[in-house]
$ cat run_39.pdb   # PDB, C-alpha atoms
ATOM      1  CA  MET S  13      55.766 140.803  85.147  1.00  0.00           C
ATOM      2  CA  SER S  14      59.015 139.848  83.470  1.00  0.00           C
ATOM      3  CA  MET S  15      59.042 137.246  80.746  1.00  0.00           C
ATOM      4  CA  THR S  16      61.783 134.609  80.730  1.00  0.00           C
ATOM      5  CA  ASP S  17      61.604 133.807  77.002  1.00  0.00           C
ATOM      6  CA  PRO S  18      60.175 136.573  74.782  1.00  0.00           C
ATOM      7  CA  ILE S  19      61.123 134.700  71.588  1.00  0.00           C
ATOM      8  CA  ALA S  20      59.014 131.682  72.576  1.00  0.00           C
ATOM      9  CA  ASP S  21      56.186 134.081  73.473  1.00  0.00           C
ATOM     10  CA  MET S  22      56.415 135.701  70.015  1.00  0.00           C
ATOM     11  CA  LEU S  23      56.447 132.381  68.178  1.00  0.00           C
ATOM     12  CA  THR S  24      53.497 131.115  70.219  1.00  0.00           C
ATOM     13  CA  ARG S  25      51.481 134.280  69.531  1.00  0.00           C
ATOM     14  CA  VAL S  26      52.201 134.011  65.788  1.00  0.00           C
ATOM     15  CA  ARG S  27      51.350 130.278  65.751  1.00  0.00           C
ATOM     16  CA  ASN S  28      48.079 130.809  67.633  1.00  0.00           C
ATOM     17  CA  ALA S  29      46.970 133.856  65.600  1.00  0.00           C
ATOM     18  CA  HIS S  30      47.764 132.078  62.338  1.00  0.00           C
ATOM     19  CA  SER S  31      45.901 128.912  63.311  1.00  0.00           C
ATOM     20  CA  VAL S  32      42.663 130.794  64.071  1.00  0.00           C
ATOM     21  CA  GLY S  33      42.912 133.158  61.080  1.00  0.00           C
ATOM     22  CA  LYS S  34      43.563 136.492  62.818  1.00  0.00           C
ATOM     23  CA  PRO S  35      44.674 139.332  60.513  1.00  0.00           C
ATOM     24  CA  THR S  36      47.234 140.793  62.966  1.00  0.00           C
ATOM     25  CA  VAL S  37      48.980 139.932  66.205  1.00  0.00           C
ATOM     26  CA  SER S  38      50.819 142.317  68.543  1.00  0.00           C
ATOM     27  CA  MET S  39      53.454 141.822  71.236  1.00  0.00           C
ATOM     28  CA  PRO S  40      56.093 143.805  73.156  1.00  0.00           C
ATOM     29  CA  SER S  41      58.941 144.757  70.823  1.00  0.00           C
ATOM     30  CA  SER S  42      62.692 144.180  71.044  1.00  0.00           C
ATOM     31  CA  LYS S  43      65.532 144.307  68.518  1.00  0.00           C
ATOM     32  CA  LYS S  44      65.782 140.522  68.269  1.00  0.00           C
ATOM     33  CA  LEU S  45      62.012 140.098  67.775  1.00  0.00           C
ATOM     34  CA  VAL S  46      62.092 142.713  65.003  1.00  0.00           C
ATOM     35  CA  GLU S  47      64.918 140.807  63.291  1.00  0.00           C
ATOM     36  CA  ILE S  48      62.976 137.531  63.535  1.00  0.00           C
ATOM     37  CA  ALA S  49      59.901 139.265  62.068  1.00  0.00           C
ATOM     38  CA  ARG S  50      62.091 140.673  59.254  1.00  0.00           C
ATOM     39  CA  ILE S  51      63.310 137.179  58.378  1.00  0.00           C
ATOM     40  CA  MET S  52      59.763 135.798  58.476  1.00  0.00           C
ATOM     41  CA  GLN S  53      58.679 138.550  56.064  1.00  0.00           C
ATOM     42  CA  GLU S  54      61.634 138.014  53.702  1.00  0.00           C
ATOM     43  CA  GLU S  55      60.948 134.275  53.592  1.00  0.00           C
ATOM     44  CA  GLY S  56      57.255 134.888  52.840  1.00  0.00           C
ATOM     45  CA  TYR S  57      55.680 133.561  56.050  1.00  0.00           C
ATOM     46  CA  ILE S  58      54.079 136.879  57.102  1.00  0.00           C
ATOM     47  CA  GLN S  59      52.717 139.887  55.186  1.00  0.00           C
ATOM     48  CA  GLY S  60      54.640 142.503  57.151  1.00  0.00           C
ATOM     49  CA  PHE S  61      55.334 144.057  60.517  1.00  0.00           C
ATOM     50  CA  GLU S  62      55.213 147.473  62.126  1.00  0.00           C
ATOM     51  CA  ILE S  63      56.782 148.935  65.256  1.00  0.00           C
ATOM     52  CA  ILE S  64      54.343 151.146  67.163  1.00  0.00           C
ATOM     53  CA  ASN S  65      56.050 153.461  69.667  1.00  0.00           C
ATOM     54  CA  GLY S  66      54.279 153.910  72.956  1.00  0.00           C
ATOM     55  CA  GLU S  67      54.599 153.970  76.700  1.00  0.00           C
ATOM     56  CA  PRO S  68      56.006 152.123  78.566  1.00  0.00           C
ATOM     57  CA  ARG S  69      57.544 150.318  75.573  1.00  0.00           C
ATOM     58  CA  ALA S  70      57.157 149.844  71.839  1.00  0.00           C
ATOM     59  CA  THR S  71      54.802 147.238  70.374  1.00  0.00           C
ATOM     60  CA  LEU S  72      55.541 144.971  67.431  1.00  0.00           C
ATOM     61  CA  GLU S  73      52.477 144.339  65.271  1.00  0.00           C
ATOM     62  CA  ILE S  74      52.700 141.528  62.722  1.00  0.00           C
ATOM     63  CA  THR S  75      50.291 141.295  59.776  1.00  0.00           C
ATOM     64  CA  MET S  76      49.609 137.656  58.976  1.00  0.00           C
ATOM     65  CA  LYS S  77      49.684 136.241  55.451  1.00  0.00           C
ATOM     66  CA  TYR S  78      47.219 133.719  54.047  1.00  0.00           C
ATOM     67  CA  GLY S  79      46.814 132.130  50.642  1.00  0.00           C
ATOM     68  CA  PRO S  80      43.608 131.847  48.630  1.00  0.00           C
ATOM     69  CA  LYS S  81      40.608 130.704  50.700  1.00  0.00           C
ATOM     70  CA  LYS S  82      42.508 131.423  53.966  1.00  0.00           C
ATOM     71  CA  ALA S  83      45.158 128.768  53.185  1.00  0.00           C
ATOM     72  CA  LYS S  84      47.896 128.765  55.825  1.00  0.00           C
ATOM     73  CA  THR S  85      51.407 129.894  54.869  1.00  0.00           C
ATOM     74  CA  ILE S  86      52.915 128.640  58.144  1.00  0.00           C
ATOM     75  CA  ARG S  87      52.612 124.902  58.745  1.00  0.00           C
ATOM     76  CA  GLY S  88      54.657 124.913  61.941  1.00  0.00           C
ATOM     77  CA  ILE S  89      56.975 126.899  64.194  1.00  0.00           C
ATOM     78  CA  LYS S  90      59.305 125.281  66.728  1.00  0.00           C
ATOM     79  CA  ARG S  91      61.591 126.982  69.260  1.00  0.00           C
ATOM     80  CA  ILE S  92      64.917 125.144  69.354  1.00  0.00           C
ATOM     81  CA  SER S  93      67.359 126.975  71.647  1.00  0.00           C
ATOM     82  CA  LYS S  94      65.762 127.737  75.004  1.00  0.00           C
ATOM     83  CA  PRO S  95      67.026 129.716  78.012  1.00  0.00           C
ATOM     84  CA  GLY S  96      67.624 126.467  79.925  1.00  0.00           C
ATOM     85  CA  LEU S  97      69.336 124.668  77.030  1.00  0.00           C
ATOM     86  CA  ARG S  98      71.109 126.695  74.370  1.00  0.00           C
ATOM     87  CA  ILE S  99      71.664 124.924  71.040  1.00  0.00           C
ATOM     88  CA  TYR S 100      74.585 126.046  68.881  1.00  0.00           C
ATOM     89  CA  ALA S 101      75.575 124.861  65.421  1.00  0.00           C
ATOM     90  CA  GLY S 102      78.927 125.291  63.724  1.00  0.00           C
ATOM     91  CA  LYS S 103      79.253 126.330  60.094  1.00  0.00           C
ATOM     92  CA  ASN S 104      79.409 122.677  59.004  1.00  0.00           C
ATOM     93  CA  ASP S 105      76.502 121.555  61.226  1.00  0.00           C
ATOM     94  CA  LEU S 106      73.790 124.087  60.312  1.00  0.00           C
ATOM     95  CA  PRO S 107      70.381 122.370  60.223  1.00  0.00           C
ATOM     96  CA  ARG S 108      68.181 121.916  57.157  1.00  0.00           C
ATOM     97  CA  VAL S 109      64.468 122.124  57.937  1.00  0.00           C
ATOM     98  CA  LEU S 110      62.422 119.605  55.911  1.00  0.00           C
ATOM     99  CA  GLY S 111      65.359 119.059  53.554  1.00  0.00           C
ATOM    100  CA  GLY S 112      65.596 122.766  52.725  1.00  0.00           C
ATOM    101  CA  LEU S 113      61.867 123.462  52.339  1.00  0.00           C
ATOM    102  CA  GLY S 114      61.641 125.157  55.740  1.00  0.00           C
ATOM    103  CA  THR S 115      63.761 127.853  57.377  1.00  0.00           C
ATOM    104  CA  ALA S 116      66.011 127.767  60.422  1.00  0.00           C
ATOM    105  CA  ILE S 117      66.575 131.129  62.119  1.00  0.00           C
ATOM    106  CA  ILE S 118      70.165 131.456  63.350  1.00  0.00           C
ATOM    107  CA  SER S 119      71.600 134.136  65.667  1.00  0.00           C
ATOM    108  CA  THR S 120      75.190 134.704  64.569  1.00  0.00           C
ATOM    109  CA  SER S 121      77.960 137.158  65.404  1.00  0.00           C
ATOM    110  CA  GLN S 122      76.918 139.071  62.266  1.00  0.00           C
ATOM    111  CA  GLY S 123      73.249 139.290  63.235  1.00  0.00           C
ATOM    112  CA  VAL S 124      70.117 137.174  62.955  1.00  0.00           C
ATOM    113  CA  MET S 125      69.827 135.340  59.621  1.00  0.00           C
ATOM    114  CA  THR S 126      68.458 132.239  57.933  1.00  0.00           C
ATOM    115  CA  ASP S 127      70.361 128.964  57.781  1.00  0.00           C
ATOM    116  CA  ARG S 128      70.883 129.529  54.039  1.00  0.00           C
ATOM    117  CA  ASP S 129      72.540 132.923  54.583  1.00  0.00           C
ATOM    118  CA  ALA S 130      74.725 131.592  57.421  1.00  0.00           C
ATOM    119  CA  ARG S 131      75.798 128.651  55.249  1.00  0.00           C
ATOM    120  CA  ASN S 132      76.708 131.027  52.388  1.00  0.00           C
ATOM    121  CA  LYS S 133      78.724 133.275  54.740  1.00  0.00           C
ATOM    122  CA  GLY S 134      80.393 130.274  56.379  1.00  0.00           C
ATOM    123  CA  ILE S 135      79.419 131.093  59.971  1.00  0.00           C
ATOM    124  CA  GLY S 136      77.569 129.229  62.712  1.00  0.00           C
ATOM    125  CA  GLY S 137      75.598 130.404  65.711  1.00  0.00           C
ATOM    126  CA  GLU S 138      72.660 129.783  68.019  1.00  0.00           C
ATOM    127  CA  VAL S 139      69.720 127.979  66.403  1.00  0.00           C
ATOM    128  CA  ILE S 140      66.718 130.059  67.496  1.00  0.00           C
ATOM    129  CA  ALA S 141      63.762 128.404  65.725  1.00  0.00           C
ATOM    130  CA  TYR S 142      62.488 126.345  62.802  1.00  0.00           C
ATOM    131  CA  ILE S 143      59.650 127.551  60.555  1.00  0.00           C
ATOM    132  CA  TRP S 144      58.037 125.483  57.834  1.00  0.00           C
TER     133      TRP S 144
END

$ encode --input "run_39.pdb" --output "structure tokens"
Amino acid sequence: MSMTDPIADMLTRVRNAHSVGKPTVSMPSSKKLVEIARIMQEEGYIQGFEIINGEPRATLEITMKYGPKKAKTIRGIKRISKPGLRIYAGKNDLPRVLGGLGTAIISTSQGVMTDRDARNKGIGGEVIAYIW
């Protein structure tokens, strides 16, 4: 069965696994999902990720991160640009999540990056998701 929005599926799996305290979550892999996982790891929302090759396709396994006493590191994840309604932001209109405390994931012509990196490089793009 084909999936219409694999990014929303990934974010939902991460949100659900994190809310119930699972140590890992796995999903079908793609280049864009790996880049989103890389950003989540760099920003400190997840412990790490691993690509497991297999048939018929590779699997992306994300290791969740928790604080002391299972404190949550992710308070919320929201998909912004959807297949039915794409949301783009110019270099001067890049969003700030919770006044800069959260992270916006932006898909630009130079790759997937955070709102901070896109602002520093002076480029805009498609606003994929907010994480806080």

$ closest_residue --input "run_39.pdb" --among "S:Lys77, S:Arg27, S:Lys82, S:Lys43" --to "Ile63 in chain S" --atoms "only C-alpha atoms"
S:Lys43

$ resolve_selection --input "run_39.pdb" --expression "the PyMOL selection byres ((chain S and resi 137) around 8)" --output "ChimeraX atom specification"
/S:100-103,118-121,135-136,138-139

$ resolve_selection --input "run_39.pdb" --expression "the PyMOL selection byres ((chain S and resi 107) around 12)" --output "number ranges by chain"
S: 92, 99-106, 108-118, 126-128, 130-131, 136-143

$ closest_residue --input "run_39.pdb" --among "S:Thr24, S:Gln53, S:Ser93, S:Thr36" --to "Thr75 in chain S" --atoms "all atoms listed in the file"
S:Thr36

$ atom_distance --input "run_39.pdb" --atom1 "CA of Gly56 in chain S" --atom2 "CA of Lys84 in chain S"
11.6 Å

$ atom_distance --input "run_39.pdb" --atom1 "CA of Arg69 in chain S" --atom2 "CA of Lys94 in chain S"
24.0 Å

$ closest_residue --input "run_39.pdb" --among "S:Lys133, S:Arg91, S:Lys34, S:Arg50" --to "Leu72 in chain S" --atoms "only C-alpha atoms"
S:Arg50

$ atom_distance --input "run_39.pdb" --atom1 "CA of Glu47 in chain S" --atom2 "CA of Trp144 in chain S"
17.7 Å

$ closest_residue --input "run_39.pdb" --among "S:Leu97, S:Ala83, S:Met52, S:Ile64" --to "Ser38 in chain S" --atoms "all atoms listed in the file"
S:Ile64

$ closest_residue --input "run_39.pdb" --among "S:Leu45, S:Ile74, S:Glu54, S:Gly33" --to "Asp21 in chain S" --atoms "all atoms listed in the file"
S:Leu45
